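Structure file work_9.pdb with PDB, C-alpha atoms:
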```pdb
ATOM      1  CA  MET A1053     171.259  95.395 131.824  1.00  0.00           C
ATOM      2  CA  TYR A1054     168.989  93.169 133.904  1.00  0.00           C
ATOM      3  CA  PRO A1055     165.708  95.026 134.567  1.00  0.00           C
ATOM      4  CA  VAL A1056     164.858  95.630 138.209  1.00  0.00           C
ATOM      5  CA  ILE A1057     161.266  94.469 137.718  1.00  0.00           C
ATOM      6  CA  ASN A1058     161.194  91.356 135.569  1.00  0.00           C
ATOM      7  CA  LEU A1059     158.377  88.819 135.383  1.00  0.00           C
ATOM      8  CA  ASP A1060     159.867  86.707 132.612  1.00  0.00           C
ATOM      9  CA  LYS A1061     158.783  83.041 132.757  1.00  0.00           C
ATOM     10  CA  LYS A1062     156.430  83.746 135.681  1.00  0.00           C
ATOM     11  CA  ASN A1063     152.929  82.272 135.575  1.00  0.00           C
ATOM     12  CA  ILE A1064     150.589  84.935 136.989  1.00  0.00           C
ATOM     13  CA  LEU A1065     146.886  84.327 137.674  1.00  0.00           C
ATOM     14  CA  ILE A1066     144.759  87.485 137.795  1.00  0.00           C
ATOM     15  CA  PHE A1067     141.276  87.464 139.279  1.00  0.00           C
ATOM     16  CA  GLY A1068     139.010  90.329 138.212  1.00  0.00           C
ATOM     17  CA  ALA A1069     140.891  90.712 134.926  1.00  0.00           C
ATOM     18  CA  SER A1070     137.930  91.731 132.753  1.00  0.00           C
ATOM     19  CA  LYS A1071     138.192  95.470 133.444  1.00  0.00           C
ATOM     20  CA  GLY A1072     139.595  98.240 135.639  1.00  0.00           C
ATOM     21  CA  ILE A1073     142.607  97.559 137.830  1.00  0.00           C
ATOM     22  CA  GLY A1074     142.642  93.850 137.000  1.00  0.00           C
ATOM     23  CA  GLN A1075     142.831  94.610 133.292  1.00  0.00           C
ATOM     24  CA  ALA A1076     145.600  97.163 133.887  1.00  0.00           C
ATOM     25  CA  CYS A1077     147.566  94.589 135.930  1.00  0.00           C
ATOM     26  CA  ALA A1078     147.237  92.092 133.077  1.00  0.00           C
ATOM     27  CA  LYS A1079     148.630  94.608 130.579  1.00  0.00           C
ATOM     28  CA  VAL A1080     151.564  95.558 132.818  1.00  0.00           C
ATOM     29  CA  CYS A1081     152.456  91.917 133.607  1.00  0.00           C
ATOM     30  CA  ASP A1082     152.235  91.058 129.911  1.00  0.00           C
ATOM     31  CA  ARG A1083     154.629  93.910 129.034  1.00  0.00           C
ATOM     32  CA  LEU A1084     157.024  92.557 131.678  1.00  0.00           C
ATOM     33  CA  ASP A1085     157.025  89.163 129.927  1.00  0.00           C
ATOM     34  CA  ALA A1086     154.827  87.211 132.361  1.00  0.00           C
ATOM     35  CA  GLN A1087     152.524  84.471 131.155  1.00  0.00           C
ATOM     36  CA  VAL A1088     149.161  85.756 132.345  1.00  0.00           C
ATOM     37  CA  ILE A1089     146.080  83.739 133.183  1.00  0.00           C
ATOM     38  CA  LEU A1090     142.875  85.768 133.282  1.00  0.00           C
ATOM     39  CA  SER A1091     139.787  85.043 135.359  1.00  0.00           C
ATOM     40  CA  ALA A1092     136.496  86.865 135.949  1.00  0.00           C
ATOM     41  CA  ARG A1093     132.809  86.118 135.530  1.00  0.00           C
ATOM     42  CA  ASP A1094     132.526  88.379 132.443  1.00  0.00           C
ATOM     43  CA  ILE A1095     133.755  86.287 129.478  1.00  0.00           C
ATOM     44  CA  ARG A1096     133.369  89.169 127.027  1.00  0.00           C
ATOM     45  CA  GLY A1097     135.482  91.390 129.256  1.00  0.00           C
ATOM     46  CA  LEU A1098     138.117  88.655 129.535  1.00  0.00           C
ATOM     47  CA  ASN A1099     138.310  88.300 125.770  1.00  0.00           C
ATOM     48  CA  ASN A1100     138.625  92.066 125.481  1.00  0.00           C
ATOM     49  CA  THR A1101     141.543  92.077 127.935  1.00  0.00           C
ATOM     50  CA  LYS A1102     143.140  89.167 126.083  1.00  0.00           C
ATOM     51  CA  SER A1103     142.980  91.141 122.825  1.00  0.00           C
ATOM     52  CA  MET A1104     145.079  93.913 124.415  1.00  0.00           C
ATOM     53  CA  LEU A1105     147.993  91.619 125.288  1.00  0.00           C
ATOM     54  CA  ASN A1106     151.126  90.811 123.311  1.00  0.00           C
ATOM     55  CA  ARG A1107     151.262  87.189 124.449  1.00  0.00           C
ATOM     56  CA  ASN A1108     148.598  84.549 124.328  1.00  0.00           C
ATOM     57  CA  ALA A1109     146.640  84.375 127.593  1.00  0.00           C
ATOM     58  CA  HIS A1110     144.520  81.607 129.081  1.00  0.00           C
ATOM     59  CA  ILE A1111     141.066  82.703 130.239  1.00  0.00           C
ATOM     60  CA  TYR A1112     138.719  81.148 132.794  1.00  0.00           C
ATOM     61  CA  ASP A1113     135.283  82.609 133.391  1.00  0.00           C
ATOM     62  CA  TYR A1114     134.394  82.050 137.023  1.00  0.00           C
ATOM     63  CA  ASP A1115     132.052  83.630 139.563  1.00  0.00           C
ATOM     64  CA  LEU A1116     133.868  84.044 142.893  1.00  0.00           C
ATOM     65  CA  THR A1117     130.619  84.007 144.838  1.00  0.00           C
ATOM     66  CA  ASN A1118     131.023  80.236 144.403  1.00  0.00           C
ATOM     67  CA  THR A1119     133.697  79.994 147.098  1.00  0.00           C
ATOM     68  CA  GLU A1120     133.379  76.210 147.278  1.00  0.00           C
ATOM     69  CA  GLY A1121     134.536  75.758 143.669  1.00  0.00           C
ATOM     70  CA  ILE A1122     137.772  77.737 143.908  1.00  0.00           C
ATOM     71  CA  GLU A1123     139.892  74.713 144.817  1.00  0.00           C
ATOM     72  CA  SER A1124     138.764  72.857 141.693  1.00  0.00           C
ATOM     73  CA  LEU A1125     139.362  75.964 139.579  1.00  0.00           C
ATOM     74  CA  ILE A1126     142.940  76.372 140.848  1.00  0.00           C
ATOM     75  CA  SER A1127     143.616  72.663 140.256  1.00  0.00           C
ATOM     76  CA  GLN A1128     142.283  72.928 136.699  1.00  0.00           C
ATOM     77  CA  ILE A1129     144.402  75.995 135.973  1.00  0.00           C
ATOM     78  CA  VAL A1130     147.572  74.360 137.311  1.00  0.00           C
ATOM     79  CA  THR A1131     146.890  71.185 135.309  1.00  0.00           C
ATOM     80  CA  GLU A1132     146.395  73.156 132.085  1.00  0.00           C
ATOM     81  CA  CYS A1133     148.871  76.014 132.564  1.00  0.00           C
ATOM     82  CA  GLY A1134     151.483  74.731 135.014  1.00  0.00           C
ATOM     83  CA  LYS A1135     152.331  75.731 138.569  1.00  0.00           C
ATOM     84  CA  LEU A1136     151.734  79.360 139.500  1.00  0.00           C
ATOM     85  CA  ASP A1137     154.321  81.969 140.485  1.00  0.00           C
ATOM     86  CA  GLY A1138     151.836  84.594 141.566  1.00  0.00           C
ATOM     87  CA  ILE A1139     148.227  85.563 142.106  1.00  0.00           C
ATOM     88  CA  ILE A1140     146.711  89.024 141.829  1.00  0.00           C
ATOM     89  CA  TYR A1141     143.326  89.201 143.531  1.00  0.00           C
ATOM     90  CA  CYS A1142     141.532  92.206 142.007  1.00  0.00           C
ATOM     91  CA  SER A1143     137.981  90.934 142.310  1.00  0.00           C
ATOM     92  CA  GLY A1144     135.772  92.965 144.570  1.00  0.00           C
ATOM     93  CA  VAL A1145     132.277  94.273 145.169  1.00  0.00           C
ATOM     94  CA  THR A1146     131.487  97.780 146.319  1.00  0.00           C
ATOM     95  CA  ASP A1147     127.948  98.711 147.274  1.00  0.00           C
ATOM     96  CA  ASN A1148     127.882 101.762 149.492  1.00  0.00           C
ATOM     97  CA  ARG A1149     124.662 102.482 151.375  1.00  0.00           C
ATOM     98  CA  PRO A1150     123.631 103.980 154.722  1.00  0.00           C
ATOM     99  CA  LEU A1151     124.342 101.859 157.788  1.00  0.00           C
ATOM    100  CA  ALA A1152     120.597 101.356 158.356  1.00  0.00           C
ATOM    101  CA  MET A1153     120.480  99.423 155.065  1.00  0.00           C
ATOM    102  CA  GLN A1154     123.514  97.211 155.742  1.00  0.00           C
ATOM    103  CA  LYS A1155     121.710  94.156 157.041  1.00  0.00           C
ATOM    104  CA  PRO A1156     123.547  90.845 157.678  1.00  0.00           C
ATOM    105  CA  GLU A1157     122.690  89.366 154.264  1.00  0.00           C
ATOM    106  CA  PHE A1158     124.136  92.427 152.508  1.00  0.00           C
ATOM    107  CA  VAL A1159     127.310  92.353 154.601  1.00  0.00           C
ATOM    108  CA  ASN A1160     127.735  88.602 154.088  1.00  0.00           C
ATOM    109  CA  ASN A1161     127.369  88.880 150.297  1.00  0.00           C
ATOM    110  CA  LEU A1162     129.950  91.648 150.131  1.00  0.00           C
ATOM    111  CA  PHE A1163     132.410  89.808 152.373  1.00  0.00           C
ATOM    112  CA  LYS A1164     132.028  86.637 150.324  1.00  0.00           C
ATOM    113  CA  VAL A1165     133.849  88.074 147.299  1.00  0.00           C
ATOM    114  CA  ASN A1166     135.982  90.745 148.939  1.00  0.00           C
ATOM    115  CA  PHE A1167     137.373  88.568 151.708  1.00  0.00           C
ATOM    116  CA  MET A1168     136.253  84.948 151.975  1.00  0.00           C
ATOM    117  CA  SER A1169     137.054  84.040 148.358  1.00  0.00           C
ATOM    118  CA  TYR A1170     140.383  85.844 148.686  1.00  0.00           C
ATOM    119  CA  MET A1171     141.342  83.692 151.669  1.00  0.00           C
ATOM    120  CA  GLU A1172     140.182  80.541 149.919  1.00  0.00           C
ATOM    121  CA  THR A1173     142.226  81.472 146.850  1.00  0.00           C
ATOM    122  CA  VAL A1174     145.391  81.885 148.913  1.00  0.00           C
ATOM    123  CA  ARG A1175     144.692  78.678 150.839  1.00  0.00           C
ATOM    124  CA  CYS A1176     144.465  76.700 147.597  1.00  0.00           C
ATOM    125  CA  PHE A1177     147.436  78.470 146.002  1.00  0.00           C
ATOM    126  CA  ALA A1178     149.567  77.559 149.036  1.00  0.00           C
ATOM    127  CA  LYS A1179     149.219  73.832 148.366  1.00  0.00           C
ATOM    128  CA  LYS A1180     152.592  72.460 147.272  1.00  0.00           C
ATOM    129  CA  ALA A1181     151.242  71.134 143.979  1.00  0.00           C
ATOM    130  CA  ASN A1182     149.949  74.562 142.936  1.00  0.00           C
ATOM    131  CA  HIS A1183     152.849  76.983 143.291  1.00  0.00           C
ATOM    132  CA  ASN A1184     156.523  77.323 142.429  1.00  0.00           C
ATOM    133  CA  GLU A1185     159.224  78.353 144.869  1.00  0.00           C
ATOM    134  CA  CYS A1186     159.585  82.079 145.584  1.00  0.00           C
ATOM    135  CA  SER A1187     155.984  82.872 144.669  1.00  0.00           C
ATOM    136  CA  SER A1188     153.853  85.870 145.597  1.00  0.00           C
ATOM    137  CA  VAL A1189     150.262  86.896 146.331  1.00  0.00           C
ATOM    138  CA  VAL A1190     149.014  90.463 145.928  1.00  0.00           C
ATOM    139  CA  GLY A1191     145.545  91.397 147.160  1.00  0.00           C
ATOM    140  CA  ILE A1192     143.978  94.634 145.949  1.00  0.00           C
ATOM    141  CA  ALA A1193     142.645  96.240 149.108  1.00  0.00           C
ATOM    142  CA  SER A1194     141.560  99.891 149.460  1.00  0.00           C
ATOM    143  CA  VAL A1195     142.326 103.086 151.332  1.00  0.00           C
ATOM    144  CA  ALA A1196     138.668 102.866 152.394  1.00  0.00           C
ATOM    145  CA  SER A1197     139.847 100.575 155.202  1.00  0.00           C
ATOM    146  CA  GLU A1198     141.508 103.601 156.831  1.00  0.00           C
ATOM    147  CA  LEU A1199     139.442 106.596 155.729  1.00  0.00           C
ATOM    148  CA  GLY A1200     136.274 106.124 157.747  1.00  0.00           C
ATOM    149  CA  THR A1201     133.983 107.342 154.966  1.00  0.00           C
ATOM    150  CA  LYS A1202     130.264 107.210 155.752  1.00  0.00           C
ATOM    151  CA  ALA A1203     128.177 104.477 154.089  1.00  0.00           C
ATOM    152  CA  HIS A1204     131.334 102.406 153.470  1.00  0.00           C
ATOM    153  CA  GLU A1205     131.183 100.323 156.651  1.00  0.00           C
ATOM    154  CA  ALA A1206     130.894  96.827 155.122  1.00  0.00           C
ATOM    155  CA  TYR A1207     133.201  97.570 152.185  1.00  0.00           C
ATOM    156  CA  ALA A1208     135.858  99.156 154.402  1.00  0.00           C
ATOM    157  CA  ALA A1209     135.625  96.257 156.859  1.00  0.00           C
ATOM    158  CA  SER A1210     136.058  93.670 154.081  1.00  0.00           C
ATOM    159  CA  LYS A1211     139.181  95.400 152.786  1.00  0.00           C
ATOM    160  CA  GLY A1212     140.528  95.818 156.297  1.00  0.00           C
ATOM    161  CA  ALA A1213     139.991  92.086 156.821  1.00  0.00           C
ATOM    162  CA  MET A1214     141.965  91.379 153.639  1.00  0.00           C
ATOM    163  CA  ILE A1215     144.904  93.428 154.907  1.00  0.00           C
ATOM    164  CA  ALA A1216     144.845  91.879 158.379  1.00  0.00           C
ATOM    165  CA  ALA A1217     144.591  88.327 157.052  1.00  0.00           C
ATOM    166  CA  SER A1218     147.389  88.963 154.567  1.00  0.00           C
ATOM    167  CA  LYS A1219     149.759  89.893 157.380  1.00  0.00           C
ATOM    168  CA  SER A1220     148.987  86.639 159.187  1.00  0.00           C
ATOM    169  CA  MET A1221     149.209  84.570 156.006  1.00  0.00           C
ATOM    170  CA  ALA A1222     152.579  86.152 155.225  1.00  0.00           C
ATOM    171  CA  SER A1223     153.845  85.046 158.614  1.00  0.00           C
ATOM    172  CA  GLU A1224     152.602  81.494 158.081  1.00  0.00           C
ATOM    173  CA  LEU A1225     153.418  80.971 154.404  1.00  0.00           C
ATOM    174  CA  HIS A1226     157.001  82.234 154.286  1.00  0.00           C
ATOM    175  CA  THR A1227     158.137  78.681 155.088  1.00  0.00           C
ATOM    176  CA  LYS A1228     156.575  77.619 151.771  1.00  0.00           C
ATOM    177  CA  GLY A1229     158.378  80.376 149.886  1.00  0.00           C
ATOM    178  CA  ILE A1230     155.229  82.477 149.475  1.00  0.00           C
ATOM    179  CA  ARG A1231     155.109  86.217 150.100  1.00  0.00           C
ATOM    180  CA  VAL A1232     151.729  87.900 150.717  1.00  0.00           C
ATOM    181  CA  ASN A1233     151.170  91.642 150.327  1.00  0.00           C
ATOM    182  CA  CYS A1234     148.390  94.099 149.568  1.00  0.00           C
ATOM    183  CA  VAL A1235     148.108  97.245 147.475  1.00  0.00           C
ATOM    184  CA  SER A1236     145.581  99.873 148.580  1.00  0.00           C
ATOM    185  CA  PRO A1237     144.568 102.146 145.697  1.00  0.00           C
ATOM    186  CA  GLY A1238     143.177 105.597 146.199  1.00  0.00           C
ATOM    187  CA  THR A1239     140.630 107.043 143.780  1.00  0.00           C
ATOM    188  CA  THR A1240     141.546 105.365 140.500  1.00  0.00           C
ATOM    189  CA  ARG A1241     140.163 106.045 137.028  1.00  0.00           C
ATOM    190  CA  THR A1242     138.013 102.934 136.564  1.00  0.00           C
ATOM    191  CA  GLU A1243     134.440 102.431 135.386  1.00  0.00           C
ATOM    192  CA  MET A1244     133.398 101.732 138.979  1.00  0.00           C
ATOM    193  CA  ILE A1245     134.891 104.994 140.270  1.00  0.00           C
ATOM    194  CA  GLU A1246     133.518 107.037 137.369  1.00  0.00           C
ATOM    195  CA  GLU A1247     130.042 105.642 138.156  1.00  0.00           C
ATOM    196  CA  TYR A1248     130.503 106.358 141.871  1.00  0.00           C
ATOM    197  CA  LEU A1249     131.536 109.982 141.230  1.00  0.00           C
ATOM    198  CA  SER A1250     128.619 110.403 138.840  1.00  0.00           C
ATOM    199  CA  ASN A1251     126.189 109.084 141.468  1.00  0.00           C
ATOM    200  CA  CYS A1252     127.662 111.488 144.021  1.00  0.00           C
ATOM    201  CA  GLU A1253     127.100 114.373 141.638  1.00  0.00           C
ATOM    202  CA  ASN A1254     123.543 113.273 140.809  1.00  0.00           C
ATOM    203  CA  THR A1255     122.603 112.953 144.483  1.00  0.00           C
ATOM    204  CA  GLY A1256     124.270 116.204 145.502  1.00  0.00           C
ATOM    205  CA  SER A1257     126.899 114.429 147.619  1.00  0.00           C
ATOM    206  CA  ASP A1258     130.301 116.082 147.891  1.00  0.00           C
ATOM    207  CA  VAL A1259     132.107 112.944 149.138  1.00  0.00           C
ATOM    208  CA  GLY A1260     133.708 112.226 145.758  1.00  0.00           C
ATOM    209  CA  ASN A1261     134.974 115.765 145.287  1.00  0.00           C
ATOM    210  CA  ARG A1262     136.337 115.916 148.832  1.00  0.00           C
ATOM    211  CA  LEU A1263     138.286 112.690 148.278  1.00  0.00           C
ATOM    212  CA  LEU A1264     139.802 114.053 145.077  1.00  0.00           C
ATOM    213  CA  GLU A1265     140.725 117.323 146.797  1.00  0.00           C
ATOM    214  CA  ARG A1266     142.610 115.383 149.486  1.00  0.00           C
ATOM    215  CA  GLN A1267     144.299 113.217 146.841  1.00  0.00           C
ATOM    216  CA  TYR A1268     146.628 116.014 145.835  1.00  0.00           C
ATOM    217  CA  LEU A1269     148.485 114.096 143.094  1.00  0.00           C
ATOM    218  CA  GLY A1270     145.177 113.730 141.282  1.00  0.00           C
ATOM    219  CA  MET A1271     143.155 110.806 139.926  1.00  0.00           C
ATOM    220  CA  ILE A1272     145.283 107.666 139.637  1.00  0.00           C
ATOM    221  CA  GLU A1273     145.597 105.934 136.278  1.00  0.00           C
ATOM    222  CA  PRO A1274     145.078 102.142 136.681  1.00  0.00           C
ATOM    223  CA  GLU A1275     148.445 101.215 135.138  1.00  0.00           C
ATOM    224  CA  TYR A1276     150.224 102.778 138.123  1.00  0.00           C
ATOM    225  CA  ILE A1277     148.468 100.326 140.405  1.00  0.00           C
ATOM    226  CA  GLY A1278     149.716  97.659 138.005  1.00  0.00           C
ATOM    227  CA  TYR A1279     153.313  98.864 138.395  1.00  0.00           C
ATOM    228  CA  ALA A1280     153.092  98.566 142.189  1.00  0.00           C
ATOM    229  CA  VAL A1281     151.616  95.089 141.886  1.00  0.00           C
ATOM    230  CA  ALA A1282     154.328  94.030 139.421  1.00  0.00           C
ATOM    231  CA  PHE A1283     157.005  95.128 141.885  1.00  0.00           C
ATOM    232  CA  LEU A1284     155.467  92.971 144.619  1.00  0.00           C
ATOM    233  CA  LEU A1285     155.284  89.994 142.246  1.00  0.00           C
ATOM    234  CA  SER A1286     158.884  90.372 141.101  1.00  0.00           C
ATOM    235  CA  ASP A1287     162.122  89.188 142.667  1.00  0.00           C
ATOM    236  CA  ALA A1288     162.948  92.853 143.300  1.00  0.00           C
ATOM    237  CA  SER A1289     160.615  92.665 146.322  1.00  0.00           C
ATOM    238  CA  LYS A1290     162.131  89.426 147.618  1.00  0.00           C
ATOM    239  CA  PHE A1291     162.275  90.736 151.198  1.00  0.00           C
ATOM    240  CA  VAL A1292     158.853  92.421 151.221  1.00  0.00           C
ATOM    241  CA  THR A1293     155.987  90.492 152.795  1.00  0.00           C
ATOM    242  CA  GLY A1294     153.067  91.187 155.118  1.00  0.00           C
ATOM    243  CA  PHE A1295     152.970  94.757 153.786  1.00  0.00           C
ATOM    244  CA  ASN A1296     150.147  97.008 152.609  1.00  0.00           C
ATOM    245  CA  LEU A1297     151.329  99.487 149.975  1.00  0.00           C
ATOM    246  CA  PRO A1298     149.091 102.546 149.520  1.00  0.00           C
ATOM    247  CA  VAL A1299     149.078 103.936 145.981  1.00  0.00           C
ATOM    248  CA  ASP A1300     146.789 106.804 146.838  1.00  0.00           C
ATOM    249  CA  GLY A1301     148.071 110.071 145.395  1.00  0.00           C
ATOM    250  CA  GLY A1302     148.743 111.333 148.904  1.00  0.00           C
ATOM    251  CA  LEU A1303     145.203 110.745 150.178  1.00  0.00           C
ATOM    252  CA  LEU A1304     146.179 109.110 153.462  1.00  0.00           C
ATOM    253  CA  SER A1305     148.901 111.621 154.217  1.00  0.00           C
ATOM    254  CA  VAL A1306     146.514 114.575 154.539  1.00  0.00           C
TER     255      VAL A1306
END
```
Encoded form using structure tokens:
Amino acid sequence: MYPVINLDKKNILIFGASKGIGQACAKVCDRLDAQVILSARDIRGLNNTKSMLNRNAHIYDYDLTNTEGIESLISQIVTECGKLDGIIYCSGVTDNRPLAMQKPEFVNNLFKVNFMSYMETVRCFAKKANHNECSSVVGIASVASELGTKAHEAYAASKGAMIAASKSMASELHTKGIRVNCVSPGTTRTEMIEEYLSNCENTGSDVGNRLLERQYLGMIEPEYIGYAVAFLLSDASKFVTGFNLPVDGGLLSV
């Protein structure tokens, strides 16, 4: 029986693959027979992810704050690994602080990785020499773009920008055979979230607990984000583009 979600022979590049959701996506894609290419700025984390996979994976340590170098990176990857069938953009920065502390430099630095480098990645991927027919982009956004949580203004805006841009890019890039979608995770069991919840507890904030109470299916395990991403990369989602898929344990429905 032909599996509904099958990534066999697909070349998938994963940004932010050294830990958390990016690492989980790498493991899921590997189990679904994709050839994965791992990128992040943490080389030790990349090697750790690589050690968890069944297939050999190519790794590229790269800091996405260097937006100007992304085009050369994509060209190098395609030269060494072949044309790409998909990109998962899991890289992101979260730094929540009161609005009074969110000065332009802070906002710009956060947007650089969360949004500007995402757009540059898709722009370079969309060049004919870099992608195969029927390819797919999945950006990891966040339910924060819709929740309106205090002290999340810049982060929420950057993820909202990712979603909005993805809809427009989907409209433009379908003629090149590229689909563009987002996945918006709720509270997911990653190191970043565990640290955030710990900080909430230490400072007496109840924000973390209130989010978990509203997320009535409980804390999300990262691999379930990976399953949603794999669906959007696969031919099973051939007619899905310009869509933002919440995987949020019911958080946005309350």
Using only C-alpha atoms, find the one residue out of A:Ser1250, A:Thr1242, A:Asn1118, A:Thr1227 that sits nearest to Gly1072 (chain A).
-> A:Thr1242
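Matched in the shown structure by the PyMOL selection byres ((chain A and resi 1214) around 8): Asn1166, Phe1167, Tyr1170, Met1171, Gly1191, Ala1193, Ser1210, Lys1211, Gly1212, Ala1213, Ile1215, Ala1216, Ala1217 and Ser1218 of chain A.
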Keeping C-alpha atoms for every residue in the selection just given, could you write it to a file as a PDB file, in the coordinates of the input?
```pdb
ATOM      1  CA  ASN A1166     135.982  90.745 148.939  1.00  0.00           C
ATOM      2  CA  PHE A1167     137.373  88.568 151.708  1.00  0.00           C
ATOM      3  CA  TYR A1170     140.383  85.844 148.686  1.00  0.00           C
ATOM      4  CA  MET A1171     141.342  83.692 151.669  1.00  0.00           C
ATOM      5  CA  GLY A1191     145.545  91.397 147.160  1.00  0.00           C
ATOM      6  CA  ALA A1193     142.645  96.240 149.108  1.00  0.00           C
ATOM      7  CA  SER A1210     136.058  93.670 154.081  1.00  0.00           C
ATOM      8  CA  LYS A1211     139.181  95.400 152.786  1.00  0.00           C
ATOM      9  CA  GLY A1212     140.528  95.818 156.297  1.00  0.00           C
ATOM     10  CA  ALA A1213     139.991  92.086 156.821  1.00  0.00           C
ATOM     11  CA  ILE A1215     144.904  93.428 154.907  1.00  0.00           C
ATOM     12  CA  ALA A1216     144.845  91.879 158.379  1.00  0.00           C
ATOM     13  CA  ALA A1217     144.591  88.327 157.052  1.00  0.00           C
ATOM     14  CA  SER A1218     147.389  88.963 154.567  1.00  0.00           C
TER      15      SER A1218
END
```
Spatial neighbours of Leu1136 (chain A), max dist 8 Å, all atoms listed in the file, sep filter under 2 positions, as an NGL selection string = :A and (1062-1065 or 1130 or 1134 or 1138-1139 or 1177 or 1182-1184 or 1187)
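The gap separating CA of Ser1286 (chain A) from CA of Lys1061 (chain A) is 11.1 Å, in Å to one decimal.
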Resolved residues for the PyMOL selection byres ((chain A and resi 1257-1272) around 9) as a list in words | Thr1201, Lys1202, Pro1237, Gly1238, Thr1239, Thr1240, Arg1241, Tyr1248, Leu1249, Ser1250, Asn1251, Cys1252, Glu1253, Asn1254, Thr1255, Gly1256, Glu1273, Pro1274, Glu1275, Tyr1276, Ile1277, Val1299, Asp1300, Gly1301, Gly1302, Leu1303, Leu1304, Ser1305 and Val1306 of chain A
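With all atoms listed in the file as the atoms that count, the residue of A:Ile1126, A:Met1244, A:Ile1095, A:Leu1090 with the shortest distance to Ile1140 (chain A) is A:Leu1090.
Taking only C-alpha atoms, the non-local environment of Leu1151 (chain A) within 9 Å (same-chain residues fewer than 5 positions away omitted) comprises Lys1202, Ala1203, His1204, Glu1205 and Ala1206 of chain A.
Applied to this file, the PyMOL selection byres ((chain A and resi 1104) around 12) selects the residues Ala1069, Ser1070, Lys1071, Gln1075, Ala1076, Cys1077, Ala1078, Lys1079, Val1080, Cys1081, Asp1082, Arg1083, Gly1097, Leu1098, Asn1099, Asn1100, Thr1101, Lys1102, Ser1103, Leu1105, Asn1106, Arg1107, Asn1108 and Ala1109 of chain A.
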With C-alpha atoms retained, export the selected residues as a tab-separated table (two decimals), in the frame of the given file.
```tsv
chain	number	residue	atom	x	y	z
A	1069	ALA	CA	140.89	90.71	134.93
A	1070	SER	CA	137.93	91.73	132.75
A	1071	LYS	CA	138.19	95.47	133.44
A	1075	GLN	CA	142.83	94.61	133.29
A	1076	ALA	CA	145.60	97.16	133.89
A	1077	CYS	CA	147.57	94.59	135.93
A	1078	ALA	CA	147.24	92.09	133.08
A	1079	LYS	CA	148.63	94.61	130.58
A	1080	VAL	CA	151.56	95.56	132.82
A	1081	CYS	CA	152.46	91.92	133.61
A	1082	ASP	CA	152.24	91.06	129.91
A	1083	ARG	CA	154.63	93.91	129.03
A	1097	GLY	CA	135.48	91.39	129.26
A	1098	LEU	CA	138.12	88.66	129.54
A	1099	ASN	CA	138.31	88.30	125.77
A	1100	ASN	CA	138.62	92.07	125.48
A	1101	THR	CA	141.54	92.08	127.94
A	1102	LYS	CA	143.14	89.17	126.08
A	1103	SER	CA	142.98	91.14	122.82
A	1105	LEU	CA	147.99	91.62	125.29
A	1106	ASN	CA	151.13	90.81	123.31
A	1107	ARG	CA	151.26	87.19	124.45
A	1108	ASN	CA	148.60	84.55	124.33
A	1109	ALA	CA	146.64	84.38	127.59
```
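A straight line drawn from CA of Tyr1207 (chain A) to CA of Thr1293 (chain A) is 23.9 Å long.
The coordinates place CA of Thr1131 (chain A) at 24.7 Å from CA of Asn1058 (chain A).
Remark: for Ile1129 (chain A), the closest of the candidate residues A:Leu1116, A:Arg1175, A:Ile1066, A:Phe1158 is A:Ile1066 (distances computed over all atoms listed in the file).
Proximity of A:Gly1278, A:Gly1144, A:Gly1068, A:Gly1074 to Arg1093 (chain A), computed with all atoms listed in the file, is greatest for A:Gly1068.
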